[in-house]
>>> print(open('coords-v3.cif').read())   # mmCIF, C-alpha atoms
data_input
#
loop_
_atom_site.label_atom_id
_atom_site.label_comp_id
_atom_site.auth_asym_id
_atom_site.auth_seq_id
_atom_site.Cartn_x
_atom_site.Cartn_y
_atom_site.Cartn_z
CA MET A 135 40.07 -52.67 84.75
CA THR A 136 38.06 -55.84 84.89
CA ASP A 137 37.57 -57.64 81.61
CA LYS A 138 34.10 -57.29 80.24
CA ALA A 139 32.34 -59.69 77.91
CA VAL A 140 29.37 -59.65 75.59
CA VAL A 141 27.57 -62.88 74.74
CA VAL A 142 25.73 -63.16 71.42
CA LEU A 143 22.47 -64.62 72.75
CA SER A 144 19.95 -66.09 70.32
CA GLY A 145 17.80 -67.76 72.92
CA GLY A 146 18.89 -71.22 71.80
CA GLN A 147 20.63 -74.00 73.66
CA ASP A 148 24.16 -73.17 72.52
CA SER A 149 24.22 -69.44 73.15
CA THR A 150 22.55 -69.98 76.51
CA THR A 151 25.28 -72.42 77.49
CA CYS A 152 27.80 -69.78 76.39
CA LEU A 153 26.13 -67.21 78.62
CA TRP A 154 26.56 -69.47 81.64
CA TRP A 155 30.17 -70.14 80.57
CA ALA A 156 30.76 -66.37 80.49
CA LEU A 157 29.14 -65.90 83.92
CA GLU A 158 31.64 -68.35 85.37
CA ARG A 159 34.59 -66.93 83.46
CA PHE A 160 33.99 -63.18 83.83
CA GLY A 161 31.50 -62.88 86.71
CA SER A 162 27.89 -61.78 86.35
CA ASN A 163 28.72 -58.10 86.85
CA ASN A 164 30.98 -58.14 83.80
CA VAL A 165 28.72 -59.89 81.31
CA GLU A 166 26.08 -58.48 79.00
CA ALA A 167 23.90 -60.25 76.46
CA LEU A 168 23.38 -59.00 72.92
CA SER A 169 20.55 -60.35 70.80
CA PHE A 170 19.65 -59.57 67.21
CA ASP A 171 16.19 -58.93 65.88
CA TYR A 172 16.85 -59.86 62.27
CA GLY A 173 13.41 -60.90 61.14
CA GLN A 174 13.67 -64.47 62.36
CA ARG A 175 10.50 -66.33 61.46
CA HIS A 176 9.82 -67.24 65.05
CA ARG A 177 9.72 -64.27 67.39
CA ILE A 178 9.63 -66.74 70.24
CA GLU A 179 13.42 -67.02 69.91
CA LEU A 180 13.85 -63.41 71.01
CA ASP A 181 11.40 -63.85 73.88
CA CYS A 182 13.44 -66.84 75.01
CA ALA A 183 16.67 -64.83 74.81
CA THR A 184 15.13 -62.16 77.04
CA ALA A 185 13.91 -64.75 79.54
CA VAL A 186 17.34 -66.39 79.60
CA ALA A 187 19.13 -63.07 80.17
CA GLU A 188 16.71 -62.27 82.99
CA LEU A 189 17.36 -65.61 84.64
CA ALA A 190 21.10 -64.99 84.31
CA GLY A 191 20.66 -61.53 85.81
CA VAL A 192 22.57 -59.75 83.05
CA PRO A 193 21.54 -56.72 80.96
CA GLN A 194 20.35 -57.56 77.47
CA SER A 195 20.52 -55.31 74.42
CA VAL A 196 18.61 -56.08 71.25
CA LEU A 197 19.97 -54.73 67.98
CA PRO A 198 17.81 -54.71 64.86
CA ILE A 199 19.17 -55.99 61.55
CA ASP A 200 16.71 -55.50 58.72
CA THR A 201 19.22 -56.47 56.05
CA PHE A 202 18.80 -60.25 56.07
CA ALA A 203 15.09 -60.02 55.39
CA ALA A 204 15.82 -57.63 52.51
CA LEU A 205 18.39 -60.09 51.15
CA GLY A 206 15.69 -62.74 51.27
CA GLY A 207 15.85 -66.28 50.07
CA ASN A 208 16.53 -68.27 53.21
CA ALA A 209 14.34 -70.39 55.41
CA LEU A 210 15.15 -68.73 58.72
CA THR A 211 13.71 -65.39 57.72
CA ASP A 212 11.54 -66.20 54.72
CA ALA A 213 8.22 -67.83 55.50
CA GLY A 214 7.90 -68.95 51.87
CA ILE A 215 10.75 -71.46 52.06
CA ALA A 216 10.15 -74.72 53.89
CA VAL A 217 12.93 -75.81 56.20
CA GLY A 218 14.17 -79.24 55.23
CA SER A 219 12.58 -79.13 51.80
CA ASP A 220 15.88 -78.88 50.04
CA GLY A 221 17.99 -81.87 49.14
CA LYS A 222 19.92 -80.44 46.24
CA ARG A 223 21.81 -77.40 47.38
CA GLU A 224 25.36 -77.67 48.58
CA LEU A 225 24.60 -75.72 51.73
CA PRO A 226 21.52 -76.16 53.92
CA VAL A 227 18.51 -74.05 53.03
CA THR A 228 18.74 -72.54 56.51
CA PHE A 229 22.16 -71.09 55.64
CA VAL A 230 22.12 -67.32 55.75
CA PRO A 231 25.31 -66.33 53.97
CA GLY A 232 27.66 -64.73 56.46
CA ARG A 233 25.15 -64.58 59.29
CA ASN A 234 27.65 -65.37 62.03
CA LEU A 235 30.20 -63.03 60.47
CA ILE A 236 27.66 -60.23 60.66
CA PHE A 237 26.54 -61.08 64.19
CA VAL A 238 30.08 -61.10 65.55
CA THR A 239 31.04 -57.95 63.64
CA PHE A 240 28.02 -56.06 64.98
CA ALA A 241 28.79 -57.42 68.45
CA ALA A 242 32.26 -55.93 68.07
CA ALA A 243 30.78 -52.62 66.88
CA TRP A 244 28.50 -52.65 69.94
CA ALA A 245 31.41 -53.57 72.22
CA TRP A 246 33.86 -51.01 70.80
CA PRO A 247 32.60 -47.79 72.45
CA ARG A 248 31.89 -49.71 75.66
CA LYS A 249 35.46 -51.01 76.00
CA VAL A 250 34.12 -54.55 76.08
CA THR A 251 36.87 -56.68 74.62
CA HIS A 252 35.58 -60.23 74.95
CA ILE A 253 32.95 -61.55 72.57
CA VAL A 254 31.41 -64.95 73.22
CA ALA A 255 29.60 -66.81 70.45
CA GLY A 256 28.00 -70.23 70.48
CA VAL A 257 29.28 -71.48 67.16
CA SER A 258 30.49 -75.04 66.87
CA GLN A 259 32.31 -76.80 64.09
CA ALA A 260 31.66 -80.24 65.56
CA ASP A 261 27.91 -80.15 64.92
CA TYR A 262 27.94 -77.26 62.55
CA SER A 263 25.09 -78.46 60.36
CA GLY A 264 26.98 -77.49 57.25
CA TYR A 265 27.37 -73.82 58.15
CA PRO A 266 30.89 -72.87 57.07
CA ASP A 267 30.86 -69.63 59.04
CA CYS A 268 30.91 -71.65 62.27
CA ARG A 269 34.36 -73.09 61.72
CA GLN A 270 37.40 -72.17 63.78
CA GLU A 271 39.39 -70.92 60.81
CA THR A 272 36.54 -68.62 59.74
CA ILE A 273 36.30 -67.16 63.23
CA ASP A 274 40.08 -66.76 63.37
CA ALA A 275 40.13 -64.78 60.13
CA LEU A 276 37.22 -62.63 61.30
CA SER A 277 38.99 -62.02 64.59
CA THR A 278 42.01 -60.73 62.69
CA ALA A 279 39.81 -58.49 60.53
CA LEU A 280 38.09 -57.05 63.61
CA LYS A 281 41.33 -56.41 65.47
CA LEU A 282 42.79 -54.62 62.47
CA GLY A 283 39.59 -52.86 61.47
CA MET A 284 38.70 -51.54 64.89
CA GLU A 285 42.15 -51.19 66.42
CA LEU A 286 41.06 -52.99 69.56
CA VAL A 287 42.29 -56.32 70.80
CA PHE A 288 39.08 -58.31 70.72
CA GLU A 289 39.08 -61.85 71.89
CA ILE A 290 36.39 -64.01 70.34
CA HIS A 291 35.53 -66.94 72.57
CA THR A 292 33.81 -69.97 71.12
CA PRO A 293 33.64 -72.40 74.04
CA LEU A 294 31.51 -74.88 72.09
CA MET A 295 33.70 -74.93 68.97
CA ASN A 296 34.85 -78.51 69.30
CA LEU A 297 32.06 -79.94 71.44
CA THR A 298 29.41 -82.33 70.20
CA LYS A 299 25.82 -81.58 71.15
CA ALA A 300 26.10 -84.18 73.91
CA GLU A 301 29.23 -82.52 75.28
CA THR A 302 27.48 -79.15 75.14
CA VAL A 303 24.63 -80.62 77.22
CA LEU A 304 27.13 -81.93 79.76
CA LEU A 305 28.85 -78.54 79.89
CA ALA A 306 25.50 -76.83 80.46
CA GLU A 307 24.79 -79.16 83.36
CA GLU A 308 28.25 -78.61 84.81
CA LEU A 309 27.70 -74.85 84.63
CA GLY A 310 24.30 -75.08 86.30
CA ALA A 311 22.46 -73.96 83.19
CA MET A 312 19.74 -76.60 83.18
CA ASP A 313 17.06 -74.27 84.51
CA ALA A 314 17.95 -71.92 81.68
CA MET A 315 17.69 -74.81 79.19
CA SER A 316 13.99 -75.03 79.97
CA LEU A 317 13.66 -71.45 78.67
CA THR A 318 15.56 -71.95 75.42
CA HIS A 319 14.17 -72.36 71.94
CA THR A 320 15.52 -74.71 69.31
CA CYS A 321 12.63 -75.89 67.09
CA TYR A 322 12.86 -74.68 63.48
CA ALA A 323 9.09 -75.04 63.20
CA GLY A 324 8.72 -72.46 65.96
CA GLN A 325 6.61 -74.78 68.09
CA ARG A 326 6.51 -74.84 71.87
CA PRO A 327 6.52 -77.59 73.03
CA PRO A 328 8.92 -78.39 70.19
CA CYS A 329 7.77 -80.34 67.14
CA GLY A 330 10.34 -83.08 67.75
CA ARG A 331 10.68 -83.75 64.02
CA CYS A 332 12.66 -80.87 62.50
CA HIS A 333 16.42 -81.09 62.06
CA ALA A 334 17.08 -78.81 65.04
CA CYS A 335 14.75 -80.77 67.38
CA VAL A 336 16.29 -84.08 66.31
CA LEU A 337 19.82 -82.76 66.88
CA ARG A 338 18.88 -81.42 70.31
CA ALA A 339 17.17 -84.65 71.35
CA LYS A 340 20.17 -86.68 70.21
CA GLY A 341 22.48 -84.49 72.28
CA PHE A 342 20.45 -84.88 75.46
CA ALA A 343 20.01 -88.62 74.85
CA GLU A 344 23.74 -89.17 74.34
CA ALA A 345 24.48 -87.12 77.44
CA GLY A 346 22.03 -89.24 79.41
CA ILE A 347 20.16 -86.16 80.61
CA GLU A 348 16.47 -85.42 80.25
CA ASP A 349 15.79 -82.20 78.32
CA PRO A 350 14.19 -79.84 80.87
CA LEU A 351 12.30 -78.21 78.00
CA LEU A 352 10.30 -81.44 77.57
CA ARG A 353 9.58 -81.71 81.29
CA ARG A 354 7.65 -78.46 81.47
CA MET M 293 30.68 -68.14 32.66
CA THR M 294 31.62 -64.48 32.56
CA ASP M 295 32.89 -63.01 35.78
CA LYS M 296 30.38 -60.78 37.47
CA ALA M 297 31.13 -57.94 39.84
CA VAL M 298 29.26 -55.90 42.41
CA VAL M 299 30.45 -52.42 43.30
CA VAL M 300 29.69 -51.01 46.74
CA LEU M 301 28.39 -47.60 45.66
CA SER M 302 27.95 -44.85 48.24
CA GLY M 303 27.46 -42.04 45.77
CA GLY M 304 30.80 -40.49 46.63
CA GLN M 305 33.84 -39.78 44.53
CA ASP M 306 35.76 -42.93 45.39
CA SER M 307 33.04 -45.53 44.91
CA THR M 308 31.99 -43.82 41.68
CA THR M 309 35.54 -44.09 40.37
CA CYS M 310 35.45 -47.77 41.36
CA LEU M 311 32.26 -48.25 39.37
CA TRP M 312 33.92 -46.90 36.25
CA TRP M 313 36.95 -49.08 36.98
CA ALA M 314 34.64 -52.10 37.14
CA LEU M 315 32.90 -51.14 33.89
CA GLU M 316 36.25 -51.23 32.13
CA ARG M 317 37.42 -54.39 33.85
CA PHE M 318 34.26 -56.51 33.66
CA GLY M 319 32.07 -54.81 31.03
CA SER M 320 28.86 -52.97 31.75
CA ASN M 321 26.72 -56.10 31.34
CA ASN M 322 28.55 -57.81 34.17
CA VAL M 323 28.49 -55.06 36.76
CA GLU M 324 25.87 -54.21 39.36
CA ALA M 325 25.88 -51.50 41.99
CA LEU M 326 24.93 -52.10 45.61
CA SER M 327 24.16 -49.21 47.92
CA PHE M 328 23.31 -49.21 51.60
CA ASP M 329 20.59 -47.20 53.25
CA TYR M 330 22.05 -47.19 56.75
CA GLY M 331 20.52 -44.02 58.13
CA GLN M 332 23.18 -41.70 56.77
CA ARG M 333 22.42 -38.15 57.88
CA HIS M 334 22.31 -36.91 54.32
CA ARG M 335 19.88 -38.78 52.11
CA ILE M 336 21.37 -36.91 49.18
CA GLU M 337 24.20 -39.48 49.16
CA LEU M 338 21.77 -42.24 48.18
CA ASP M 339 20.17 -40.06 45.50
CA CYS M 340 23.63 -39.43 44.10
CA ALA M 341 24.39 -43.15 44.08
CA THR M 342 21.22 -43.81 42.11
CA ALA M 343 22.05 -41.05 39.62
CA VAL M 344 25.57 -42.40 39.20
CA ALA M 345 24.33 -45.97 38.62
CA GLU M 346 21.85 -44.67 36.04
CA LEU M 347 24.57 -42.78 34.21
CA ALA M 348 26.71 -45.92 34.25
CA GLY M 349 23.76 -47.93 32.93
CA VAL M 350 24.02 -50.64 35.58
CA PRO M 351 21.33 -52.05 37.87
CA GLN M 352 21.42 -50.75 41.41
CA SER M 353 20.17 -52.52 44.51
CA VAL M 354 19.70 -50.72 47.80
CA LEU M 355 19.94 -52.75 50.99
CA PRO M 356 18.71 -51.32 54.29
CA ILE M 357 20.87 -51.54 57.41
CA ASP M 358 19.08 -50.20 60.46
CA THR M 359 21.74 -51.44 62.86
CA PHE M 360 24.20 -48.54 62.74
CA ALA M 361 21.54 -46.04 63.76
CA ALA M 362 20.57 -48.35 66.63
CA LEU M 363 24.22 -48.56 67.67
CA GLY M 364 24.30 -44.77 67.72
CA GLY M 365 27.09 -42.50 68.77
CA ASN M 366 28.71 -41.53 65.50
CA ALA M 367 28.54 -38.41 63.41
CA LEU M 368 27.60 -40.01 60.10
CA THR M 369 24.27 -41.28 61.36
CA ASP M 370 23.65 -39.27 64.50
CA ALA M 371 22.49 -35.71 63.98
CA GLY M 372 23.39 -34.86 67.55
CA ILE M 373 27.14 -35.18 67.01
CA ALA M 374 28.92 -32.46 65.11
CA VAL M 375 31.41 -33.63 62.53
CA GLY M 376 34.84 -32.21 63.27
CA SER M 377 33.94 -31.22 66.81
CA ASP M 378 36.14 -33.85 68.34
CA GLY M 379 39.82 -33.34 68.92
CA LYS M 380 40.39 -35.85 71.71
CA ARG M 381 39.40 -39.28 70.48
CA GLU M 382 41.93 -41.59 68.94
CA LEU M 383 39.73 -42.27 65.94
CA PRO M 384 37.75 -39.67 64.01
CA VAL M 385 34.24 -38.99 65.24
CA THR M 386 32.99 -40.05 61.81
CA PHE M 387 34.36 -43.57 62.44
CA VAL M 388 31.57 -46.13 62.47
CA PRO M 389 33.20 -49.18 64.03
CA GLY M 390 33.42 -51.88 61.42
CA ARG M 391 31.36 -50.07 58.82
CA ASN M 392 33.41 -51.21 55.85
CA LEU M 393 33.60 -54.73 57.26
CA ILE M 394 29.81 -54.81 57.41
CA PHE M 395 29.35 -53.29 53.94
CA VAL M 396 31.68 -55.78 52.28
CA THR M 397 30.22 -58.72 54.22
CA PHE M 398 26.67 -57.78 53.23
CA ALA M 399 27.87 -57.27 49.65
CA ALA M 400 29.20 -60.83 49.78
CA ALA M 401 25.90 -62.08 51.22
CA TRP M 402 24.10 -60.29 48.36
CA ALA M 403 26.56 -61.69 45.81
CA TRP M 404 26.50 -65.26 47.10
CA PRO M 405 23.15 -66.50 45.70
CA ARG M 406 23.80 -64.56 42.48
CA LYS M 407 27.14 -66.25 41.79
CA VAL M 408 28.77 -62.83 41.71
CA THR M 409 32.34 -63.43 42.84
CA HIS M 410 33.99 -60.03 42.49
CA ILE M 411 33.36 -57.31 45.04
CA VAL M 412 34.70 -53.83 44.38
CA ALA M 413 35.04 -51.35 47.24
CA GLY M 414 36.44 -47.83 47.19
CA VAL M 415 38.50 -48.03 50.34
CA SER M 416 41.93 -46.45 50.39
CA GLN M 417 44.70 -46.67 52.94
CA ALA M 418 46.60 -43.78 51.39
CA ASP M 419 44.03 -41.16 52.35
CA TYR M 420 42.13 -43.25 54.81
CA SER M 421 41.26 -40.43 57.19
CA GLY M 422 42.14 -42.58 60.17
CA TYR M 423 39.66 -45.35 59.38
CA PRO M 424 41.49 -48.58 60.19
CA ASP M 425 38.96 -50.73 58.37
CA CYS M 426 40.16 -49.26 55.06
CA ARG M 427 43.62 -50.80 55.26
CA GLN M 428 44.84 -53.55 52.98
CA GLU M 429 45.56 -55.97 55.81
CA THR M 430 42.05 -55.52 57.22
CA ILE M 431 40.52 -56.22 53.82
CA ASP M 432 42.80 -59.24 53.36
CA ALA M 433 41.68 -60.75 56.67
CA LEU M 434 38.04 -60.07 55.84
CA SER M 435 38.52 -61.66 52.44
CA THR M 436 39.80 -64.81 54.11
CA ALA M 437 36.87 -64.83 56.53
CA LEU M 438 34.38 -64.45 53.67
CA LYS M 439 35.96 -67.17 51.55
CA LEU M 440 35.93 -69.59 54.47
CA GLY M 441 32.57 -68.50 55.82
CA MET M 442 30.68 -68.66 52.54
CA GLU M 443 32.66 -71.34 50.71
CA LEU M 444 32.96 -69.18 47.63
CA VAL M 445 36.10 -67.73 46.15
CA PHE M 446 35.36 -64.05 46.46
CA GLU M 447 37.82 -61.57 45.16
CA ILE M 448 37.69 -58.18 46.86
CA HIS M 449 39.02 -55.46 44.59
CA THR M 450 40.17 -52.19 46.09
CA PRO M 451 41.55 -50.27 43.09
CA LEU M 452 42.07 -47.11 45.12
CA MET M 453 43.87 -48.77 48.03
CA ASN M 454 47.24 -47.14 47.46
CA LEU M 455 46.16 -44.06 45.53
CA THR M 456 46.19 -40.53 46.90
CA LYS M 457 43.11 -38.41 46.28
CA ALA M 458 44.95 -36.73 43.42
CA GLU M 459 45.76 -40.09 41.85
CA THR M 460 42.13 -41.14 42.26
CA VAL M 461 41.05 -38.00 40.39
CA LEU M 462 43.50 -38.80 37.59
CA LEU M 463 42.21 -42.38 37.46
CA ALA M 464 38.63 -41.12 37.24
CA GLU M 465 39.57 -38.89 34.31
CA GLU M 466 41.43 -41.71 32.59
CA LEU M 467 38.32 -43.92 32.97
CA GLY M 468 36.02 -41.23 31.57
CA ALA M 469 34.22 -40.79 34.89
CA MET M 470 34.29 -36.99 35.03
CA ASP M 471 30.64 -36.61 34.03
CA ALA M 472 29.82 -38.98 36.86
CA MET M 473 31.95 -36.89 39.24
CA SER M 474 29.50 -34.03 38.80
CA LEU M 475 26.80 -36.29 40.25
CA THR M 476 28.73 -37.45 43.30
CA HIS M 477 28.38 -36.29 46.87
CA THR M 478 31.25 -35.72 49.28
CA CYS M 479 30.31 -32.91 51.69
CA TYR M 480 29.92 -34.07 55.32
CA ALA M 481 27.63 -31.11 55.91
CA GLY M 482 25.26 -32.48 53.29
CA GLN M 483 25.30 -29.27 51.27
CA ARG M 484 24.94 -29.03 47.52
CA PRO M 485 26.82 -27.09 46.24
CA PRO M 486 29.30 -28.38 48.83
CA CYS M 487 30.20 -26.33 51.90
CA GLY M 488 33.89 -26.30 50.97
CA ARG M 489 34.91 -26.21 54.61
CA CYS M 490 34.32 -29.68 56.07
CA HIS M 491 37.08 -32.27 56.18
CA ALA M 492 35.64 -34.20 53.24
CA CYS M 493 35.26 -31.10 51.04
CA VAL M 494 38.80 -29.97 51.83
CA LEU M 495 40.22 -33.41 51.03
CA ARG M 496 38.30 -33.53 47.74
CA ALA M 497 39.39 -30.03 46.73
CA LYS M 498 42.99 -30.86 47.54
CA GLY M 499 42.82 -33.95 45.35
CA PHE M 500 41.44 -32.09 42.33
CA ALA M 501 43.90 -29.23 42.84
CA GLU M 502 46.89 -31.56 42.99
CA ALA M 503 45.63 -33.42 39.93
CA GLY M 504 45.33 -30.11 38.10
CA ILE M 505 41.71 -30.82 37.19
CA GLU M 506 38.68 -28.68 37.91
CA ASP M 507 36.07 -30.47 40.00
CA PRO M 508 33.04 -30.82 37.69
CA LEU M 509 30.80 -30.68 40.77
CA LEU M 510 31.80 -27.04 41.24
CA ARG M 511 31.16 -26.20 37.60
CA ARG M 512 27.47 -27.06 37.72
#
>>> encode(input="coords-v3.cif", output="structure tokens")
Amino acid sequence: MTDKAVVVLSGGQDSTTCLWWALERFGSNNVEALSFDYGQRHRIELDCATAVAELAGVPQSVLPIDTFAALGGNALTDAGIAVGSDGKRELPVTFVPGRNLIFVTFAAAWAWPRKVTHIVAGVSQADYSGYPDCRQETIDALSTALKLGMELVFEIHTPLMNLTKAETVLLAEELGAMDAMSLTHTCYAGQRPPCGRCHACVLRAKGFAEAGIEDPLLRR
Amino acid sequence: MTDKAVVVLSGGQDSTTCLWWALERFGSNNVEALSFDYGQRHRIELDCATAVAELAGVPQSVLPIDTFAALGGNALTDAGIAVGSDGKRELPVTFVPGRNLIFVTFAAAWAWPRKVTHIVAGVSQADYSGYPDCRQETIDALSTALKLGMELVFEIHTPLMNLTKAETVLLAEELGAMDAMSLTHTCYAGQRPPCGRCHACVLRAKGFAEAGIEDPLLRR
């Protein structure tokens, strides 16, 4: 049986790079994309994920998660909290507690009946923006919990774990994902073309600049 | 600061016993109940959870999770699959992949902004009905993932982990939870009074019989 993989696809730069990584590693017939509709403030992210999956030629499933919005109190789902307005908290205001843990666990629950045993997620501890659920040791512990809890040998791949944004840009180019980059969404302000001022835009621009590559999103 | 605890309360016998355990351990002013509305086939479970929380005199929050229903394919949320109709699968048909992992992770996400650091869950590996996400080692790995992923020292309490159903009944009596037992729901068929024939009813009856205690639910 050929190994099958599911890529957690947000529609951003990192998960899109992961999708192209998975295409090369597993072959396009063995890859599916899974996106989450969790009440993100900017629906454009999901539209981008769909466009990226279409360009990749892989099936995309979208799973709803209404729980984060009900939990409330974070800037990625709550329109009442300004991103970047918070200098005092220990974790960024965009931190949704356990978001990546939930995404990967639901990806495993989706994968389980389908006998898909590889899960690919675009988390990175190098440029992790203060999100502790992106770190290797967190993912390792979750991987153990999933293997034990579902009695299936999942492998969680995090090809960007130790890459800087610049290295991720170079990887994307190497994988031929630059056309897809023009479809991705990064801006926290939800603007297209991107605002260029929010933390996410600044980080993305820095990555492309350091890689010496023009961001195809800005060329459009 | 006094330690605060959240109990994952389904409205069943086990989680209700855990609530009374938490009342004794942390005091009623420091305990809250958290229930999940995840599309369970029998809404009566949630009503029971609310009645139990009221009897305990603790606040109850209900978080929606629409993801399990979207994942489909299991007997606890899907009316098209008969419970107990499946003799061939390795795991019971009532297994929702990762359900307890998700519940505890969302409980942690709920607890995080509230500085609640104790999570109490009624999972048991002694009578775990073939659910691998109830085992101690699964919970231990999840606990590690949550601590790392949320940068908070959560303690996950599973007071029933190594208790048989009979021992759980005896614990409930010791904790004065027998009035609450009359409010709980166990029957997979969703019947009240319970059907007495489904796997859950049989397991509950066996536990009370072995404990030598009459089930107050049957006395009503």
>>> interface_residues(input="coords-v3.cif", of="chain M", to="chain A", cutoff="7 Å", atoms="all atoms listed in the file", output="ChimeraX atom specification")
/M:355-359,362-363,389-390,394,397,401-402,424-425,430,433-434,436-437,440-443
>>> residues_around(input="coords-v3.cif", residues="Pro293 (chain A)", least_positions_apart="4", cutoff="8 Å", atoms="all atoms listed in the file", output="PyMOL selection string")
chain A and resi 152+155+254-256
>>> closest_residue(input="coords-v3.cif", among="A:Ser316, A:Thr251, A:Ser258, A:Thr302", to="Glu289 (chain A)", atoms="only C-alpha atoms")
A:Thr251
>>> closest_residue(input="coords-v3.cif", among="A:Leu180, A:Cys329, A:Met312, A:Val165", to="Val192 (chain A)", atoms="all atoms listed in the file")
A:Val165
>>> resolve_selection(input="coords-v3.cif", expression="the PyMOL selection byres ((chain M and resi 337) around 12)", output="short mmCIF file (atom, residue, chain, number, x, y, z; two decimals) with C-alpha atoms, keeping the file's coordinate frame")
data_model
loop_
_atom_site.label_atom_id
_atom_site.label_comp_id
_atom_site.auth_asym_id
_atom_site.auth_seq_id
_atom_site.Cartn_x
_atom_site.Cartn_y
_atom_site.Cartn_z
CA LEU M 301 28.39 -47.60 45.66
CA SER M 302 27.95 -44.85 48.24
CA GLY M 303 27.46 -42.04 45.77
CA GLY M 304 30.80 -40.49 46.63
CA GLN M 305 33.84 -39.78 44.53
CA SER M 307 33.04 -45.53 44.91
CA THR M 308 31.99 -43.82 41.68
CA SER M 327 24.16 -49.21 47.92
CA PHE M 328 23.31 -49.21 51.60
CA ASP M 329 20.59 -47.20 53.25
CA TYR M 330 22.05 -47.19 56.75
CA GLY M 331 20.52 -44.02 58.13
CA GLN M 332 23.18 -41.70 56.77
CA ARG M 333 22.42 -38.15 57.88
CA HIS M 334 22.31 -36.91 54.32
CA ARG M 335 19.88 -38.78 52.11
CA ILE M 336 21.37 -36.91 49.18
CA LEU M 338 21.77 -42.24 48.18
CA ASP M 339 20.17 -40.06 45.50
CA CYS M 340 23.63 -39.43 44.10
CA ALA M 341 24.39 -43.15 44.08
CA THR M 342 21.22 -43.81 42.11
CA ALA M 343 22.05 -41.05 39.62
CA VAL M 344 25.57 -42.40 39.20
CA LEU M 368 27.60 -40.01 60.10
CA LEU M 475 26.80 -36.29 40.25
CA THR M 476 28.73 -37.45 43.30
CA HIS M 477 28.38 -36.29 46.87
CA THR M 478 31.25 -35.72 49.28
CA CYS M 479 30.31 -32.91 51.69
CA TYR M 480 29.92 -34.07 55.32
CA ALA M 481 27.63 -31.11 55.91
CA GLY M 482 25.26 -32.48 53.29
CA GLN M 483 25.30 -29.27 51.27
CA ARG M 484 24.94 -29.03 47.52
#
>>> resolve_selection(input="coords-v3.cif", expression="the PyMOL selection byres ((chain M and resi 325) around 8)", output="list in words")
Val298, Val299, Val300, Leu301, Leu311, Val323, Glu324, Leu326, Ser327, Ala345, Val350, Pro351, Gln352 and Ser353 of chain M
>>> write_last_selection(input="coords-v3.cif", atoms="C-alpha atoms", output="mmCIF file, in the coordinates of the input")
data_model
loop_
_atom_site.group_PDB
_atom_site.id
_atom_site.type_symbol
_atom_site.label_atom_id
_atom_site.label_comp_id
_atom_site.auth_asym_id
_atom_site.auth_seq_id
_atom_site.Cartn_x
_atom_site.Cartn_y
_atom_site.Cartn_z
ATOM 1 C CA VAL M 298 29.260 -55.900 42.410
ATOM 2 C CA VAL M 299 30.450 -52.420 43.300
ATOM 3 C CA VAL M 300 29.690 -51.010 46.740
ATOM 4 C CA LEU M 301 28.390 -47.600 45.660
ATOM 5 C CA LEU M 311 32.260 -48.250 39.370
ATOM 6 C CA VAL M 323 28.490 -55.060 36.760
ATOM 7 C CA GLU M 324 25.870 -54.210 39.360
ATOM 8 C CA LEU M 326 24.930 -52.100 45.610
ATOM 9 C CA SER M 327 24.160 -49.210 47.920
ATOM 10 C CA ALA M 345 24.330 -45.970 38.620
ATOM 11 C CA VAL M 350 24.020 -50.640 35.580
ATOM 12 C CA PRO M 351 21.330 -52.050 37.870
ATOM 13 C CA GLN M 352 21.420 -50.750 41.410
ATOM 14 C CA SER M 353 20.170 -52.520 44.510
#
>>> axis_aligned_box(input="coords-v3.cif", around="region 245-257 of chain A", padding_each_side="4 Å", output="lines of an AutoDock Vina configuration file")
center_x = 32.4
center_y = -59.6
center_z = 71.6
size_x = 16.9
size_y = 31.7
size_z = 16.9
>>> atom_distance(input="coords-v3.cif", atom1="CA of Cys490 (chain M)", atom2="CA of Ile411 (chain M)")
29.8 Å
>>> atom_distance(input="coords-v3.cif", atom1="CA of Thr136 (chain A)", atom2="CA of Arg159 (chain A)")
11.7 Å
>>> atom_distance(input="coords-v3.cif", atom1="CA of Ile448 (chain M)", atom2="CA of Gln259 (chain A)")
25.9 Å
>>> residues_near_point(input="coords-v3.cif", point="(33.7, -42.8, 32.2)", cutoff="9 Å", atoms="all atoms listed in the file", output="list of chain:residue names")
M:Thr309, M:Trp312, M:Trp313, M:Leu315, M:Glu316, M:Ala348, M:Ala464, M:Glu465, M:Glu466, M:Leu467, M:Gly468, M:Ala469, M:Met470, M:Asp471, M:Ala472
>>> resolve_selection(input="coords-v3.cif", expression="the PyMOL selection byres ((chain A and resi 336-352) around 7)", output="PyMOL selection string")
chain A and resi 299-301+303-304+312+315-317+330-335+353-354
>>> closest_residue(input="coords-v3.cif", among="M:Glu346, M:Ser320, M:His410, M:Pro485", to="Phe446 (chain M)", atoms="all atoms listed in the file")
M:His410
